[in-house]
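Asks: Dropping a structure here in C-alpha cells format, bear with me for questions.
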Amino acid sequence: MNCNDYPMYGFADKAEVLDAARKYWNPDKTDFWVNEGIPLVIGKREGYVFEDIDGKSFIDMHLNGGTFNLGHRNPEIVDTLKDALDRVDVGNHHFATSGRAALAKALIETVPGNTMDKVVFGSCGGEAVDVAIKSARFATGRKKIVSIIKAYHGHTGLSIATGDDRFLKMFNCSRPDEFAHVPFNDIDAMERALSGDDVAAVIMETIPATYGFPMPAPSYLDQVKALCEKHGALYIADEVQTGLGRTVDFWCFEHHGITPDIVVMSKGLSGGIYPISATILNKRTAKWLYEDGFAHMATFGGSDLGCAVALKTIEITRRAETVEHVKALDALYSKRFAELLEKHPSLIEVRHDGTIAGLKFQGEDEPAVRFCKLLYDRGVWAIFSTLDKTVLQFKSGLLLPFDQANFVLDAIDDALNVLDGEIEKDAGADWTHEMKLAG
C-alpha cells in the first residue's frame, strides 16, 4: 500500500476510504466510478500529474473543469497563498480591501473595449451566474432569461433554472416561465425567443462545455449579440470553462468578435488553490451597486486570501511565455487531431479550440464513458460530457509540457485502436510504467 504521503485521516487503505465515502458522502457517485473500473482516490499531485493513493500516476486532462489550468499546486500560487496567510485571513465582506480593489481593477482591464465598470465576487460559478441574472434583471426591469438546450451554468437558486432538466427534476423543481431554452447555433430560434422584447438577458457558455464543446457556427455569437441589442436584452458570457487563456485569447469571446454586457468566471481563477468567482458588469448592469450595495452579499466572496491567489493566477496566465505556449499546444493539437480523425473510423468529430476539445465517437451506447476507462488504463484522466456521453472532454493545461501532451495524444491513438476493434490491450499496462509524478 502506497498512500504517497497523502493524509489518510484514520483510514487504513483505499477500500476503507471508498466504504466511508459510500456511507457518509455520495454512494451513487462512488459506486458509479467503482463499477466503471475507475476506483480513483486522488493522493499526491503536482503539475499536471496526480497519483491514485495506490501509486498509479495519471496526466490530468480533466482539470476539474479548468480549475487546474496552471497545474496542481502551482509553486508560484502556493507561495502566494502562504505569503498571504502570514498577513491576512478571509477578511470581512462588508469593507473595502486592497486585494479586492486590485483584483476588480485587474479583471475589468482584461475585457477589451473599456466597457466594464464593476466586479462582484463570489466563491463558485453558480453564485456568479446568480449575480449576473439579478444584475440583468435590475438593469432591464425584465425577468425572462434565455439559455440553450443542454446548458449548464451551475446548481444554485437561479443558475439551475438555466440548465438541463436533469438538474431540476431530481429535486422536484420546475423551470419558471421566465426561463426559456433554445437550441444552440439556431439563430432563428433565438430571434423568436427575443422577439417579444421581454427578455432581460441571454446567457451562454461561449463553447458549451458540459454539452461536449459544440463550436459556435461562424458569426452565430455575433448575431446573438446583435439580436440582444435589437430587442433590449443583455448578453451574459459564461466563461467559467472557456476563459482565462484556454483558447489563446484571455477570454474566448474575444475571437468571436463580441463584447458581452456581463462576464462570469470561476474555477481557474482560483489557481486550484483557493475558491473564488467573479461577475464583471458593464456600466448599465452595475447600476444596482450605486443604489444599494448591500443588496447582494457573499461571506466568502472576494476573500483577502482568494484575491491574492487570483491576482497571481491572472498574472501568470497573461505572461507572454504562457500565451506562446498555449499557441504552440493549439498547433500541436490541431495537427494530431486531424491525423486521428483520418486514421480512426470510431472518431467522427473533433471540436477543438486552443487547449480544449470535444472528441465525439460513433455509437449511442455511451462510447465516451468506455473511452474514459480506456484512457484511465493508459495513465490519462479525462472525462465524458455529462449531457452527451458520445463526447469526451479534452481539457489541456495551459502550461502542459509537450512530452506529456504527446503522451496523452499517443494514449488516445492507442485507445482508439481498441474502440475501432483493431487491437485489444490488457489494461494498458505498458502505458504507465514510465509515468512518474512531475518533480
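So you can find residues: chains in the C-alpha cells are A, B, ... in the order shown, residues in each start at 1, and ligands are numbered from 1 in order.
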Apply DSSP to the structure's backbone, then extract all residues of stretch 342-396 of chain A labelled alpha helix (DSSP H) and return them as a PDB file with N, CA and C atoms, in the first residue's frame.
Replies:
ATOM      1  N   GLU A 342      -8.385  11.121 -39.410  1.00  0.00           N
ATOM      2  CA  GLU A 342      -8.150  10.414 -40.668  1.00  0.00           C
ATOM      3  C   GLU A 342      -7.896   8.925 -40.424  1.00  0.00           C
ATOM      4  N   LYS A 343      -7.290   8.607 -39.315  1.00  0.00           N
ATOM      5  CA  LYS A 343      -6.858   7.236 -39.043  1.00  0.00           C
ATOM      6  C   LYS A 343      -7.949   6.359 -38.432  1.00  0.00           C
ATOM      7  N   PRO A 367     -20.315   5.757 -25.724  1.00  0.00           N
ATOM      8  CA  PRO A 367     -18.938   5.371 -26.052  1.00  0.00           C
ATOM      9  C   PRO A 367     -17.885   6.194 -25.316  1.00  0.00           C
ATOM     10  N   ALA A 368     -18.211   7.444 -24.971  1.00  0.00           N
ATOM     11  CA  ALA A 368     -17.217   8.265 -24.279  1.00  0.00           C
ATOM     12  C   ALA A 368     -16.966   7.773 -22.860  1.00  0.00           C
ATOM     13  N   VAL A 369     -17.954   7.106 -22.259  1.00  0.00           N
ATOM     14  CA  VAL A 369     -17.747   6.530 -20.928  1.00  0.00           C
ATOM     15  C   VAL A 369     -16.728   5.400 -21.025  1.00  0.00           C
ATOM     16  N   ARG A 370     -16.886   4.555 -22.048  1.00  0.00           N
ATOM     17  CA  ARG A 370     -15.918   3.485 -22.258  1.00  0.00           C
ATOM     18  C   ARG A 370     -14.543   4.047 -22.569  1.00  0.00           C
ATOM     19  N   PHE A 371     -14.498   5.115 -23.395  1.00  0.00           N
ATOM     20  CA  PHE A 371     -13.209   5.700 -23.760  1.00  0.00           C
ATOM     21  C   PHE A 371     -12.517   6.317 -22.548  1.00  0.00           C
ATOM     22  N   CYS A 372     -13.300   6.884 -21.651  1.00  0.00           N
ATOM     23  CA  CYS A 372     -12.776   7.409 -20.394  1.00  0.00           C
ATOM     24  C   CYS A 372     -12.005   6.315 -19.651  1.00  0.00           C
ATOM     25  N   LYS A 373     -12.590   5.097 -19.610  1.00  0.00           N
ATOM     26  CA  LYS A 373     -11.927   3.973 -18.943  1.00  0.00           C
ATOM     27  C   LYS A 373     -10.681   3.526 -19.714  1.00  0.00           C
ATOM     28  N   LEU A 374     -10.733   3.519 -21.039  1.00  0.00           N
ATOM     29  CA  LEU A 374      -9.571   3.136 -21.829  1.00  0.00           C
ATOM     30  C   LEU A 374      -8.393   4.077 -21.568  1.00  0.00           C
ATOM     31  N   LEU A 375      -8.678   5.372 -21.454  1.00  0.00           N
ATOM     32  CA  LEU A 375      -7.611   6.325 -21.158  1.00  0.00           C
ATOM     33  C   LEU A 375      -7.116   6.174 -19.722  1.00  0.00           C
ATOM     34  N   TYR A 376      -8.025   5.916 -18.802  1.00  0.00           N
ATOM     35  CA  TYR A 376      -7.639   5.665 -17.413  1.00  0.00           C
ATOM     36  C   TYR A 376      -6.640   4.514 -17.341  1.00  0.00           C
ATOM     37  N   ASP A 377      -6.896   3.450 -18.094  1.00  0.00           N
ATOM     38  CA  ASP A 377      -5.986   2.306 -18.117  1.00  0.00           C
ATOM     39  C   ASP A 377      -4.617   2.670 -18.678  1.00  0.00           C
TER      40      ASP A 377
END
Asks: At a cut-off of 8 Å, using only C-alpha atoms, what residues contact stretch 271-287 of chain A? Leave out same-chain residues fewer than 6 positions from it and give the result as a ChimeraX atom specification.
Replies: /A:67-74,77-78,81,107-108,115-125,127-129,131-132,135-136,138-139,261-265,301-303,305-307,309-310,313
Asks: Find the residues near A:His256: any atom within 12 Å, counting only C-alpha atoms, skip ones fewer than 5 places away on the same chain, and give them as number ranges by chain.
Replies: A: 206-207, 215-225, 237, 247, 249, 251, 353
Asks: With N, CA and C atoms retained, export the selected residues as a PDB file, in the first residue's frame.
Replies:
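out.pdb was written with the following content:
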ATOM      1  N   THR A 206     -19.477  30.384 -23.983  1.00  0.00           N
ATOM      2  CA  THR A 206     -19.011  30.684 -25.329  1.00  0.00           C
ATOM      3  C   THR A 206     -18.850  29.403 -26.138  1.00  0.00           C
ATOM      4  N   ILE A 207     -18.342  28.343 -25.502  1.00  0.00           N
ATOM      5  CA  ILE A 207     -18.372  26.984 -26.053  1.00  0.00           C
ATOM      6  C   ILE A 207     -18.953  26.111 -24.953  1.00  0.00           C
ATOM      7  N   MET A 215     -18.989  23.704 -31.187  1.00  0.00           N
ATOM      8  CA  MET A 215     -18.430  25.006 -31.543  1.00  0.00           C
ATOM      9  C   MET A 215     -19.504  25.942 -32.100  1.00  0.00           C
ATOM     10  N   PRO A 216     -19.438  27.217 -31.724  1.00  0.00           N
ATOM     11  CA  PRO A 216     -20.379  28.167 -32.323  1.00  0.00           C
ATOM     12  C   PRO A 216     -20.188  28.238 -33.829  1.00  0.00           C
ATOM     13  N   ALA A 217     -21.279  28.232 -34.562  1.00  0.00           N
ATOM     14  CA  ALA A 217     -21.187  28.404 -36.015  1.00  0.00           C
ATOM     15  C   ALA A 217     -20.615  29.789 -36.323  1.00  0.00           C
ATOM     16  N   PRO A 218     -19.980  29.937 -37.492  1.00  0.00           N
ATOM     17  CA  PRO A 218     -19.428  31.250 -37.856  1.00  0.00           C
ATOM     18  C   PRO A 218     -20.473  32.353 -37.728  1.00  0.00           C
ATOM     19  N   SER A 219     -20.115  33.404 -37.008  1.00  0.00           N
ATOM     20  CA  SER A 219     -20.923  34.612 -36.781  1.00  0.00           C
ATOM     21  C   SER A 219     -22.144  34.383 -35.883  1.00  0.00           C
ATOM     22  N   TYR A 220     -22.329  33.142 -35.350  1.00  0.00           N
ATOM     23  CA  TYR A 220     -23.516  32.887 -34.520  1.00  0.00           C
ATOM     24  C   TYR A 220     -23.536  33.786 -33.285  1.00  0.00           C
ATOM     25  N   LEU A 221     -22.438  33.843 -32.548  1.00  0.00           N
ATOM     26  CA  LEU A 221     -22.433  34.631 -31.321  1.00  0.00           C
ATOM     27  C   LEU A 221     -22.587  36.115 -31.622  1.00  0.00           C
ATOM     28  N   ASP A 222     -21.986  36.563 -32.707  1.00  0.00           N
ATOM     29  CA  ASP A 222     -22.128  37.952 -33.113  1.00  0.00           C
ATOM     30  C   ASP A 222     -23.589  38.281 -33.450  1.00  0.00           C
ATOM     31  N   GLN A 223     -24.262  37.334 -34.101  1.00  0.00           N
ATOM     32  CA  GLN A 223     -25.679  37.541 -34.427  1.00  0.00           C
ATOM     33  C   GLN A 223     -26.550  37.548 -33.174  1.00  0.00           C
ATOM     34  N   VAL A 224     -26.218  36.672 -32.216  1.00  0.00           N
ATOM     35  CA  VAL A 224     -26.969  36.658 -30.960  1.00  0.00           C
ATOM     36  C   VAL A 224     -26.813  37.992 -30.246  1.00  0.00           C
ATOM     37  N   LYS A 225     -25.592  38.504 -30.189  1.00  0.00           N
ATOM     38  CA  LYS A 225     -25.356  39.796 -29.530  1.00  0.00           C
ATOM     39  C   LYS A 225     -26.117  40.906 -30.238  1.00  0.00           C
ATOM     40  N   ALA A 237     -21.866  36.325 -20.920  1.00  0.00           N
ATOM     41  CA  ALA A 237     -20.915  35.304 -21.358  1.00  0.00           C
ATOM     42  C   ALA A 237     -20.429  34.526 -20.147  1.00  0.00           C
ATOM     43  N   THR A 247      -8.285  29.434 -24.726  1.00  0.00           N
ATOM     44  CA  THR A 247      -8.400  29.417 -26.195  1.00  0.00           C
ATOM     45  C   THR A 247      -7.485  30.477 -26.818  1.00  0.00           C
ATOM     46  N   ASP A 249      -6.713  33.595 -26.583  1.00  0.00           N
ATOM     47  CA  ASP A 249      -7.147  34.876 -26.036  1.00  0.00           C
ATOM     48  C   ASP A 249      -7.493  34.692 -24.559  1.00  0.00           C
ATOM     49  N   TRP A 251     -10.074  35.786 -22.973  1.00  0.00           N
ATOM     50  CA  TRP A 251     -11.476  35.361 -22.980  1.00  0.00           C
ATOM     51  C   TRP A 251     -11.807  34.749 -24.330  1.00  0.00           C
ATOM     52  N   ASP A 353     -10.593  24.071 -29.882  1.00  0.00           N
ATOM     53  CA  ASP A 353     -10.216  25.480 -29.845  1.00  0.00           C
ATOM     54  C   ASP A 353      -9.182  25.647 -28.730  1.00  0.00           C
TER      55      ASP A 353
END
Asks: Tell me which of A:Gly47, A:Gly379, A:Gly55, A:Gly358 sits closest to A:Phe394, counting only C-alpha atoms.
Replies: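 So, comparing all the options, the nearest one is A:Gly358.
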Asks: Here is a test: counting only C-alpha atoms, which residue of A:Lys389, A:Leu289, A:Val248, A:Pro260 is nearest to A:Ala331?
Replies: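 Nearest candidate to A:Ala331 out of A:Lys389, A:Leu289, A:Val248, A:Pro260: A:Val248.
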Asks: If we count only C-alpha atoms and set the cut-off at 10 Å, which residues sit around stretch 405-416 of chain A, ignoring sequence neighbours fewer than 4 positions away in its own chain? Please answer as a PyMOL selection string.
Replies: chain A and resi 58-61+329+332-333+336-337+339-341+343-347+361+370-382+394+396-397+400-401+420-425+428+431+435
Asks: Residues of the last selection are to be written out with C-alpha atoms, as a tab-separated table (two decimals), in the first residue's frame.
Replies:
chain	number	residue	atom	x	y	z
A	58	PHE	CA	-2.20	9.95	-14.37
A	59	ILE	CA	-1.85	13.00	-16.56
A	60	ASP	CA	-4.83	15.21	-15.70
A	61	MET	CA	-6.83	16.15	-18.80
A	329	LEU	CA	-0.14	23.49	-27.85
A	332	LEU	CA	0.11	20.54	-31.86
A	333	TYR	CA	-3.46	19.53	-31.07
A	336	ARG	CA	-2.59	15.48	-34.13
A	337	PHE	CA	-6.41	15.63	-34.05
A	339	GLU	CA	-4.32	12.73	-38.02
A	340	LEU	CA	-6.50	10.87	-35.53
A	341	LEU	CA	-9.67	11.73	-37.46
A	343	LYS	CA	-6.86	7.24	-39.04
A	344	HIS	CA	-9.73	6.13	-36.80
A	345	PRO	CA	-13.30	5.47	-38.01
A	346	SER	CA	-14.67	5.44	-34.46
A	347	LEU	CA	-13.68	9.12	-34.00
A	361	PHE	CA	-17.38	8.91	-31.11
A	370	ARG	CA	-15.92	3.48	-22.26
A	371	PHE	CA	-13.21	5.70	-23.76
A	372	CYS	CA	-12.78	7.41	-20.39
A	373	LYS	CA	-11.93	3.97	-18.94
A	374	LEU	CA	-9.57	3.14	-21.83
A	375	LEU	CA	-7.61	6.33	-21.16
A	376	TYR	CA	-7.64	5.66	-17.41
A	377	ASP	CA	-5.99	2.31	-18.12
A	378	ARG	CA	-3.32	4.17	-20.09
A	379	GLY	CA	-2.49	6.73	-17.40
A	380	VAL	CA	-4.66	9.60	-18.63
A	381	TRP	CA	-7.59	11.08	-16.76
A	382	ALA	CA	-10.24	12.70	-18.97
A	394	PHE	CA	-10.29	17.09	-23.60
A	396	SER	CA	-5.33	20.52	-21.51
A	397	GLY	CA	-3.46	22.69	-19.06
A	400	LEU	CA	1.31	21.31	-20.06
A	401	PRO	CA	4.79	20.13	-21.15
A	420	ASP	CA	-12.08	0.65	-33.64
A	421	GLY	CA	-11.94	-3.04	-32.77
A	422	GLU	CA	-8.42	-3.38	-34.20
A	423	ILE	CA	-6.38	-4.06	-31.08
A	424	GLU	CA	-7.29	-5.36	-27.64
A	425	LYS	CA	-4.77	-4.46	-24.99
A	428	GLY	CA	-2.76	-0.52	-20.81
A	431	TRP	CA	1.47	2.83	-20.69
A	435	MET	CA	4.81	7.78	-15.73
Asks: Run DSSP on the backbone and tell me which residues of stretch 316-386 of chain A come out as strand (DSSP E); list them as a PyMOL selection string.
Replies: chain A and resi 347-353+356-361+380-381+383-385
Asks: Go ahead and dump the residues you just picked, N, CA and C atoms, as a PDB file, in the first residue's frame.
Replies:
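As a result, selection.pdb now contains:
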ATOM      1  N   LEU A 347     -13.709   7.697 -34.348  1.00  0.00           N
ATOM      2  CA  LEU A 347     -13.679   9.118 -34.004  1.00  0.00           C
ATOM      3  C   LEU A 347     -14.294   9.893 -35.162  1.00  0.00           C
ATOM      4  N   ILE A 348     -15.472  10.477 -34.933  1.00  0.00           N
ATOM      5  CA  ILE A 348     -16.200  11.072 -36.050  1.00  0.00           C
ATOM      6  C   ILE A 348     -16.182  12.600 -36.056  1.00  0.00           C
ATOM      7  N   GLU A 349     -15.742  13.212 -34.956  1.00  0.00           N
ATOM      8  CA  GLU A 349     -15.696  14.681 -34.924  1.00  0.00           C
ATOM      9  C   GLU A 349     -14.769  15.119 -33.800  1.00  0.00           C
ATOM     10  N   VAL A 350     -13.981  16.167 -34.061  1.00  0.00           N
ATOM     11  CA  VAL A 350     -13.196  16.812 -33.015  1.00  0.00           C
ATOM     12  C   VAL A 350     -13.565  18.290 -33.005  1.00  0.00           C
ATOM     13  N   ARG A 351     -14.047  18.758 -31.857  1.00  0.00           N
ATOM     14  CA  ARG A 351     -14.427  20.160 -31.686  1.00  0.00           C
ATOM     15  C   ARG A 351     -13.315  20.818 -30.869  1.00  0.00           C
ATOM     16  N   HIS A 352     -12.457  21.552 -31.544  1.00  0.00           N
ATOM     17  CA  HIS A 352     -11.214  21.981 -30.911  1.00  0.00           C
ATOM     18  C   HIS A 352     -11.034  23.485 -30.998  1.00  0.00           C
ATOM     19  N   ASP A 353     -10.593  24.071 -29.882  1.00  0.00           N
ATOM     20  CA  ASP A 353     -10.216  25.480 -29.845  1.00  0.00           C
ATOM     21  C   ASP A 353      -9.182  25.647 -28.730  1.00  0.00           C
ATOM     22  N   ILE A 356      -8.776  23.186 -25.434  1.00  0.00           N
ATOM     23  CA  ILE A 356      -9.964  22.392 -25.135  1.00  0.00           C
ATOM     24  C   ILE A 356     -10.483  21.730 -26.410  1.00  0.00           C
ATOM     25  N   ALA A 357     -11.147  20.598 -26.212  1.00  0.00           N
ATOM     26  CA  ALA A 357     -11.726  19.896 -27.356  1.00  0.00           C
ATOM     27  C   ALA A 357     -12.798  18.938 -26.866  1.00  0.00           C
ATOM     28  N   GLY A 358     -13.724  18.649 -27.750  1.00  0.00           N
ATOM     29  CA  GLY A 358     -14.689  17.580 -27.537  1.00  0.00           C
ATOM     30  C   GLY A 358     -14.448  16.515 -28.588  1.00  0.00           C
ATOM     31  N   LEU A 359     -14.175  15.284 -28.173  1.00  0.00           N
ATOM     32  CA  LEU A 359     -13.933  14.173 -29.095  1.00  0.00           C
ATOM     33  C   LEU A 359     -15.201  13.333 -29.164  1.00  0.00           C
ATOM     34  N   LYS A 360     -15.850  13.339 -30.321  1.00  0.00           N
ATOM     35  CA  LYS A 360     -17.129  12.659 -30.480  1.00  0.00           C
ATOM     36  C   LYS A 360     -16.911  11.312 -31.175  1.00  0.00           C
ATOM     37  N   PHE A 361     -17.551  10.265 -30.615  1.00  0.00           N
ATOM     38  CA  PHE A 361     -17.378   8.909 -31.108  1.00  0.00           C
ATOM     39  C   PHE A 361     -18.658   8.360 -31.711  1.00  0.00           C
ATOM     40  N   VAL A 380      -4.124   8.273 -18.294  1.00  0.00           N
ATOM     41  CA  VAL A 380      -4.663   9.598 -18.629  1.00  0.00           C
ATOM     42  C   VAL A 380      -6.034   9.734 -17.996  1.00  0.00           C
ATOM     43  N   TRP A 381      -6.269  10.849 -17.321  1.00  0.00           N
ATOM     44  CA  TRP A 381      -7.590  11.077 -16.757  1.00  0.00           C
ATOM     45  C   TRP A 381      -8.306  12.169 -17.549  1.00  0.00           C
ATOM     46  N   ILE A 383     -12.633  13.040 -18.852  1.00  0.00           N
ATOM     47  CA  ILE A 383     -13.991  12.643 -18.500  1.00  0.00           C
ATOM     48  C   ILE A 383     -14.944  12.864 -19.668  1.00  0.00           C
ATOM     49  N   PHE A 384     -15.988  12.068 -19.715  1.00  0.00           N
ATOM     50  CA  PHE A 384     -17.042  12.215 -20.715  1.00  0.00           C
ATOM     51  C   PHE A 384     -17.896  13.440 -20.409  1.00  0.00           C
ATOM     52  N   SER A 385     -18.606  13.917 -21.409  1.00  0.00           N
ATOM     53  CA  SER A 385     -19.515  15.052 -21.214  1.00  0.00           C
ATOM     54  C   SER A 385     -20.785  14.573 -20.531  1.00  0.00           C
TER      55      SER A 385
END
Asks: From the list A:Leu311, A:Trp33, A:Phe179, A:Lys143, which residue is nearest A:Lys105 when using only C-alpha atoms?
Replies: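 So, comparing all the options, the nearest one is A:Leu311.
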Asks: Extract, using only C-alpha atoms, all DNA, RNA and protein residues at most 6 Å from A:Thr156, discarding same-chain residues fewer than 3 positions from it, and format them as a PyMOL selection string.
Replies: chain A and resi 126+159-160
Asks: So, counting only C-alpha atoms, which residue among A:Lys327, A:Lys82, A:Lys335, A:Lys312 is closest to A:Ala106?
Replies: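 Counting only C-alpha atoms, the residue closest to A:Ala106 is A:Lys312.
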Asks: Atom CA of A:Val199 and atom CA of A:Val182 are how many Å apart?
Replies: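 Calculated distance between atom CA of A:Val199 and atom CA of A:Val182 is 13.1 Å.
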Asks: With only C-alpha atoms as the counted atoms, please give the residues lying no more than 12 Å from A:Arg319, apart from itself and same-chain residues fewer than 3 positions off, as number ranges by chain.
Replies: A: 244-245, 248-250, 312-316, 322-326, 398-399
Asks: Those residues you just picked out, can you put them in a file as a CSV table (one decimal), in the first residue's frame with N, CA and C atoms?
Replies:
chain,number,residue,atom,x,y,z
A,244,LEU,N,-9.9,32.6,-19.3
A,244,LEU,CA,-8.6,32.6,-18.6
A,244,LEU,C,-7.6,31.9,-19.5
A,245,GLY,N,-7.5,32.3,-20.8
A,245,GLY,CA,-6.4,31.9,-21.6
A,245,GLY,C,-6.5,30.5,-22.3
A,248,VAL,N,-6.3,30.7,-26.2
A,248,VAL,CA,-5.3,31.6,-26.6
A,248,VAL,C,-5.6,33.0,-26.1
A,249,ASP,N,-6.7,33.6,-26.6
A,249,ASP,CA,-7.1,34.9,-26.0
A,249,ASP,C,-7.5,34.7,-24.6
A,250,PHE,N,-7.4,35.8,-23.8
A,250,PHE,CA,-7.7,35.6,-22.4
A,250,PHE,C,-9.2,35.2,-22.2
A,312,LYS,N,-2.4,36.5,-8.7
A,312,LYS,CA,-1.2,35.8,-9.2
A,312,LYS,C,-1.6,34.9,-10.4
A,313,THR,N,-2.8,34.3,-10.4
A,313,THR,CA,-3.3,33.5,-11.5
A,313,THR,C,-3.4,34.3,-12.8
A,314,ILE,N,-4.0,35.5,-12.7
A,314,ILE,CA,-4.1,36.3,-13.9
A,314,ILE,C,-2.8,36.7,-14.4
A,315,GLU,N,-1.8,37.1,-13.5
A,315,GLU,CA,-0.5,37.5,-13.9
A,315,GLU,C,0.2,36.4,-14.7
A,316,ILE,N,0.2,35.1,-14.2
A,316,ILE,CA,0.8,34.0,-14.8
A,316,ILE,C,0.1,33.7,-16.2
A,322,THR,N,3.4,32.3,-21.4
A,322,THR,CA,2.2,31.4,-21.3
A,322,THR,C,1.4,31.4,-22.6
A,323,VAL,N,1.2,32.6,-23.1
A,323,VAL,CA,0.4,32.7,-24.3
A,323,VAL,C,1.0,32.0,-25.5
A,324,GLU,N,2.4,32.1,-25.6
A,324,GLU,CA,3.1,31.5,-26.7
A,324,GLU,C,3.0,30.0,-26.5
A,325,HIS,N,3.1,29.5,-25.3
A,325,HIS,CA,3.0,28.0,-25.1
A,325,HIS,C,1.6,27.5,-25.4
A,326,VAL,N,0.6,28.3,-25.1
A,326,VAL,CA,-0.8,27.9,-25.5
A,326,VAL,C,-0.9,27.8,-27.0
A,398,LEU,N,-2.7,24.9,-19.5
A,398,LEU,CA,-2.0,26.0,-20.3
A,398,LEU,C,-0.5,25.8,-20.3
A,399,LEU,N,0.0,25.2,-19.3
A,399,LEU,CA,1.5,25.0,-19.2
A,399,LEU,C,1.9,23.6,-19.4
Asks: What's the separation between atom CA of A:Asp238 and atom CA of A:Ala101, in Å to one decimal place?
Replies: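 One can read the atom CA of A:Asp238 to atom CA of A:Ala101 distance as 22.3 Å.
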